[in-house]
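To start, the structure itself, in structure tokens.
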Amino acid sequence: MKLSYYRLAAHLDQGKLEPVYVIMGEQDLLRELAVAKIKHHVLGDEESPFNLDRFDGEATDGAEVAMSANLLPMLGGRRVVIVKRAQKLLEKSEELRAYLDDPSPQSILLLELSKSPDKRRKAWKEVEKRTSIISCDTPKTPELEDWVSEQAKERKLRLGQSAVRFLVSESGGDLRHLLNEVEKLSLYAGEEKLDLETIATVLGRGKAQSIFRFTDALAAGDAKKALQQLGRLLEEGEPPLRILALVDRLVGQLRMAKEFQSSPFRGESLAKVLGVPPFAAKGLAEAARRFDRAALDRALRSLTDTDRVLKSSGLPARIFLESLTISLCAGGGRGVSSQRAPRAGV
């Protein structure tokens, strides 16, 4: 069976699940998403470490993969075995080819190819007969628009068809860029429906772009850049409490990422919990390493104190937001709560 990535969701929704999938094509993001989609469909949100194995095809042999796939699942259900860079194993491993002849009905084997195989070879023709192929090639415009709509829906982002078409037309077909822009829009909009003018602002050099440059600088600990972007936001009329809400969201994500650092479920599991793409979860996990748990607790208290003084003090909001920004970039150091309120005009 051959299946386009863009038909995968419908395939799974119909209850169709094959024992072996070969996931291939030039779009590495789509391959990554296809693996995650099937894994989630089989294991759900509460995936068991006992029913999931991962291998690098360049660093293992077919016998080990076959043995893993033949194991019985624990606590019922099915096992998922994921093999990245599986080209050589498919071409050369007799043990893996033997498994393809008689796959376990209690396992789902996902073989991801980072390079296109030589489809003229006999070995590949045998693979095509014994597996289900998921093609992750560059989409045509209608498929790309459907994909953007799907990503927006997963994030509860309300985009009309004209907005989707605008995003696609401005992206140049870069899927990772598109996914990043959808994520930015979902953060900016919440559950509000966005118009084309707002979307154009996010894609350009307007207020929304400054917001994400500000939060990116905070996550990186770049105080100079963060203060520059904060000043720009305030000059553009961004409400201080909205800025604070975005910082609060960032700190919450960093706290969650910190908790996951000692967990065996990294990357994709964190992405699920945060509702962000895997590459965004990876960036948050890296940023969280700048903080220890006590620092993140202090950052949370500083946010609470900043919220209080913004609502009650007659002093300029910029003073308190700058203080919060500096403390966060320093790794969650002293915040508003541990400082005297500055004098007006300072």
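As shown in the structure tokens, the chain order sets the letters A, B, ...; within each chain, residues go from 1, and ligands are also counted from 1 in the order they appear.
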What are the nearest atom pairs, with distances in Å to one decimal, for all residues of region 80-163 of chain A that come at most 7 Å from region 10-19 of chain A, using only C-alpha atoms, set out by chain and rising residue number as a Markdown table?
```
| residue | atom | partner | partner_atom | distance |
| --- | --- | --- | --- | --- |
| A:Pro103 | CA | A:Pro19 | CA | 6.4 |
| A:Ser104 | CA | A:Pro19 | CA | 7.0 |
| A:Pro105 | CA | A:Pro19 | CA | 6.2 |
| A:Ser107 | CA | A:Pro19 | CA | 6.3 |
| A:Ile108 | CA | A:Pro19 | CA | 4.7 |
| A:Leu109 | CA | A:Pro19 | CA | 6.2 |
| A:Ser132 | CA | A:Glu18 | CA | 6.9 |
```
For the selection just defined, write its residues with C-alpha atoms to a file, as a PDB file, in the first residue's frame.
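Saved as out34.pdb:
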```pdb
ATOM      1  CA  PRO A 103       5.519  -9.266  11.024  1.00  0.00           C
ATOM      2  CA  SER A 104       4.090  -9.425  14.517  1.00  0.00           C
ATOM      3  CA  PRO A 105       0.404  -8.427  14.647  1.00  0.00           C
ATOM      4  CA  SER A 107       3.713  -4.408  16.960  1.00  0.00           C
ATOM      5  CA  ILE A 108       3.884  -1.433  14.622  1.00  0.00           C
ATOM      6  CA  LEU A 109       7.304  -1.074  12.998  1.00  0.00           C
ATOM      7  CA  SER A 132       3.052   0.214   3.575  1.00  0.00           C
TER       8      SER A 132
END
```
- Test item: residues at most 7 Å from Ala63 (chain A), only C-alpha atoms, excluding those fewer than 3 positions along its chain, as a ChimeraX atom specification: /A:66-67,95-96
- Task: List the neighbours of region 231-246 of chain A out to 9 Å using only C-alpha atoms; skip same-chain residues closer than 3 positions along the sequence, and give me the result as number ranges by chain.
- Result: A: 187-188, 206-208, 210-211, 214-215, 226-228, 249-251, 303, 306-307, 310-311, 317-318, 321-322
- Item | Atom-to-atom span, CA of Leu296 (chain A) and CA of Lys156 (chain A), Å | 27.8 Å
- Please, which residues of region 18-62 of chain A, numbered as in this document, come out strand (DSSP E) from DSSP, as a list in words?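 Put together, the selection reads Val20, Tyr21, Val22, Ile23, Met24, Leu52, Asp53, Arg54, Phe55 and Asp56 of chain A.
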Store the residues of this selection in a file with C-alpha atoms, as a PDB file, in the first residue's frame.
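Full text of out_19.pdb as output:
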```pdb
ATOM      1  CA  VAL A  20       5.047  -2.110   8.994  1.00  0.00           C
ATOM      2  CA  TYR A  21       5.318   1.419   7.615  1.00  0.00           C
ATOM      3  CA  VAL A  22       8.206   2.809   5.584  1.00  0.00           C
ATOM      4  CA  ILE A  23       8.206   6.601   5.946  1.00  0.00           C
ATOM      5  CA  MET A  24      10.146   8.322   3.192  1.00  0.00           C
ATOM      6  CA  LEU A  52       8.193   1.830  22.741  1.00  0.00           C
ATOM      7  CA  ASP A  53      11.669   1.218  21.334  1.00  0.00           C
ATOM      8  CA  ARG A  54      13.801   3.522  19.182  1.00  0.00           C
ATOM      9  CA  PHE A  55      16.803   2.595  17.056  1.00  0.00           C
ATOM     10  CA  ASP A  56      19.276   4.326  14.781  1.00  0.00           C
TER      11      ASP A  56
END
```
- Task: Could you please write out, as a PyMOL selection string, every residue of region 68-302 of chain A that DSSP assigns to helix (DSSP H, G or I)?
- Result: chain A and resi 68-70+87-92+94-101+122-130+141-154+161-171+175-189+196-203+207-220+223-235+240-260+268-274+278-288+293-302
Would you export the selected residues with C-alpha atoms as a tab-separated table (two decimals), in the first residue's frame, please?
```tsv
chain	number	residue	atom	x	y	z
A	68	SER	CA	12.23	-5.86	19.62
A	69	ALA	CA	9.28	-5.96	17.23
A	70	ASN	CA	8.56	-9.59	18.18
A	87	GLN	CA	18.02	2.47	4.48
A	88	LYS	CA	20.97	0.11	4.95
A	89	LEU	CA	18.99	-2.25	7.15
A	90	LEU	CA	16.28	-2.58	4.54
A	91	GLU	CA	18.83	-3.23	1.82
A	92	LYS	CA	21.21	-5.58	3.64
A	94	GLU	CA	18.34	-10.65	6.12
A	95	GLU	CA	16.84	-10.74	9.62
A	96	LEU	CA	14.82	-7.59	8.98
A	97	ARG	CA	13.66	-8.85	5.57
A	98	ALA	CA	12.58	-12.10	7.23
A	99	TYR	CA	10.57	-10.09	9.75
A	100	LEU	CA	8.83	-8.23	6.91
A	101	ASP	CA	7.67	-11.60	5.58
A	122	LYS	CA	15.16	-5.82	-6.49
A	123	ALA	CA	15.56	-5.40	-2.74
A	124	TRP	CA	13.44	-2.23	-2.80
A	125	LYS	CA	10.73	-3.86	-4.93
A	126	GLU	CA	10.48	-6.57	-2.28
A	127	VAL	CA	10.15	-3.92	0.43
A	128	GLU	CA	7.29	-2.29	-1.49
A	129	LYS	CA	5.43	-5.61	-1.60
A	130	ARG	CA	5.78	-6.29	2.12
A	141	THR	CA	-0.63	24.09	-2.90
A	142	PRO	CA	-4.04	22.50	-2.04
A	143	GLU	CA	-2.33	19.88	0.14
A	144	LEU	CA	-0.24	22.55	1.81
A	145	GLU	CA	-3.32	24.63	2.60
A	146	ASP	CA	-5.02	21.58	4.13
A	147	TRP	CA	-1.88	20.91	6.19
A	148	VAL	CA	-1.78	24.47	7.53
A	149	SER	CA	-5.47	24.24	8.45
A	150	GLU	CA	-4.78	20.97	10.29
A	151	GLN	CA	-1.87	22.47	12.24
A	152	ALA	CA	-3.96	25.51	13.16
A	153	LYS	CA	-6.87	23.32	14.30
A	154	GLU	CA	-4.57	21.27	16.55
A	161	GLN	CA	-9.44	30.07	4.19
A	162	SER	CA	-8.20	33.45	2.97
A	163	ALA	CA	-5.82	33.62	5.94
A	164	VAL	CA	-4.53	30.12	5.20
A	165	ARG	CA	-3.92	31.02	1.56
A	166	PHE	CA	-2.08	34.17	2.60
A	167	LEU	CA	0.21	32.21	4.93
A	168	VAL	CA	1.00	29.68	2.23
A	169	SER	CA	1.66	32.33	-0.40
A	170	GLU	CA	4.07	34.19	1.91
A	171	SER	CA	5.97	31.08	3.03
A	175	LEU	CA	7.16	23.85	5.93
A	176	ARG	CA	9.21	24.51	9.05
A	177	HIS	CA	8.80	28.25	8.57
A	178	LEU	CA	5.05	27.77	8.12
A	179	LEU	CA	4.77	25.66	11.25
A	180	ASN	CA	6.73	28.25	13.20
A	181	GLU	CA	4.43	31.03	11.97
A	182	VAL	CA	1.32	29.02	12.92
A	183	GLU	CA	2.80	28.55	16.39
A	184	LYS	CA	3.47	32.30	16.67
A	185	LEU	CA	-0.09	33.09	15.60
A	186	SER	CA	-1.56	30.67	18.14
A	187	LEU	CA	0.49	32.27	20.91
A	188	TYR	CA	-0.52	35.76	19.84
A	189	ALA	CA	-4.21	35.12	19.19
A	196	LEU	CA	-5.25	39.26	7.33
A	197	GLU	CA	-3.90	42.55	8.64
A	198	THR	CA	-2.86	40.97	11.94
A	199	ILE	CA	-1.31	37.99	10.19
A	200	ALA	CA	0.64	40.31	7.90
A	201	THR	CA	1.95	42.07	11.00
A	202	VAL	CA	3.20	38.80	12.46
A	203	LEU	CA	4.98	37.95	9.22
A	207	LYS	CA	4.24	44.55	16.92
A	208	ALA	CA	3.76	40.79	16.91
A	209	GLN	CA	7.24	40.24	15.52
A	210	SER	CA	8.69	42.34	18.34
A	211	ILE	CA	6.82	40.19	20.86
A	212	PHE	CA	8.43	36.99	19.66
A	213	ARG	CA	11.86	38.57	19.43
A	214	PHE	CA	11.37	39.69	23.03
A	215	THR	CA	10.40	36.24	24.35
A	216	ASP	CA	13.15	34.57	22.26
A	217	ALA	CA	15.72	36.92	23.81
A	218	LEU	CA	14.38	36.18	27.29
A	219	ALA	CA	14.68	32.44	26.71
A	220	ALA	CA	18.25	32.91	25.46
A	223	ALA	CA	19.33	40.97	28.38
A	224	LYS	CA	20.49	43.65	25.91
A	225	LYS	CA	18.31	42.38	23.09
A	226	ALA	CA	15.37	41.68	25.40
A	227	LEU	CA	15.43	45.22	26.77
A	228	GLN	CA	15.62	46.63	23.23
A	229	GLN	CA	12.59	44.61	22.14
A	230	LEU	CA	10.71	45.48	25.33
A	231	GLY	CA	11.29	49.17	24.65
A	232	ARG	CA	10.08	48.73	21.09
A	233	LEU	CA	6.92	46.96	22.27
A	234	LEU	CA	6.07	49.70	24.70
A	235	GLU	CA	6.72	52.37	22.06
A	240	PRO	CA	2.09	46.06	29.70
A	241	LEU	CA	-0.23	43.38	31.08
A	242	ARG	CA	-0.26	41.64	27.71
A	243	ILE	CA	3.53	41.63	27.70
A	244	LEU	CA	3.47	40.21	31.22
A	245	ALA	CA	1.05	37.47	30.16
A	246	LEU	CA	3.44	36.38	27.40
A	247	VAL	CA	6.35	36.28	29.86
A	248	ASP	CA	4.19	34.27	32.25
A	249	ARG	CA	3.47	31.75	29.49
A	250	LEU	CA	7.19	31.48	28.72
A	251	VAL	CA	8.10	30.88	32.38
A	252	GLY	CA	5.38	28.23	32.62
A	253	GLN	CA	6.81	26.46	29.58
A	254	LEU	CA	10.33	26.62	31.02
A	255	ARG	CA	9.12	25.13	34.31
A	256	MET	CA	7.49	22.24	32.45
A	257	ALA	CA	10.59	21.73	30.32
A	258	LYS	CA	12.71	21.64	33.47
A	259	GLU	CA	10.53	18.90	34.93
A	260	PHE	CA	10.99	16.85	31.78
A	268	GLU	CA	7.91	14.73	21.50
A	269	SER	CA	6.30	14.17	24.92
A	270	LEU	CA	7.23	17.68	26.01
A	271	ALA	CA	5.88	18.99	22.71
A	272	LYS	CA	2.54	17.29	23.42
A	273	VAL	CA	2.25	18.72	26.91
A	274	LEU	CA	3.17	22.25	25.82
A	278	PRO	CA	8.94	19.18	18.58
A	279	PHE	CA	11.60	21.66	17.40
A	280	ALA	CA	10.08	24.40	19.59
A	281	ALA	CA	10.01	22.00	22.56
A	282	LYS	CA	13.70	21.29	21.97
A	283	GLY	CA	14.48	25.01	22.11
A	284	LEU	CA	12.53	25.42	25.35
A	285	ALA	CA	14.32	22.42	26.86
A	286	GLU	CA	17.68	24.01	25.99
A	287	ALA	CA	16.59	27.35	27.48
A	288	ALA	CA	15.41	25.62	30.68
A	293	ARG	CA	14.15	24.92	39.90
A	294	ALA	CA	14.65	27.51	42.63
A	295	ALA	CA	15.37	30.18	40.01
A	296	LEU	CA	12.18	29.33	38.13
A	297	ASP	CA	10.24	29.53	41.40
A	298	ARG	CA	11.75	32.98	42.00
A	299	ALA	CA	10.82	33.99	38.45
A	300	LEU	CA	7.21	32.95	39.11
A	301	ARG	CA	7.14	35.05	42.30
A	302	SER	CA	8.61	38.00	40.41
```
- In Å to one decimal, how far is CA of Asp28 (chain A) from CA of Gln106 (chain A)?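 Computed distance, CA of Gln106 (chain A) to CA of Asp28 (chain A), equals 27.5 Å.
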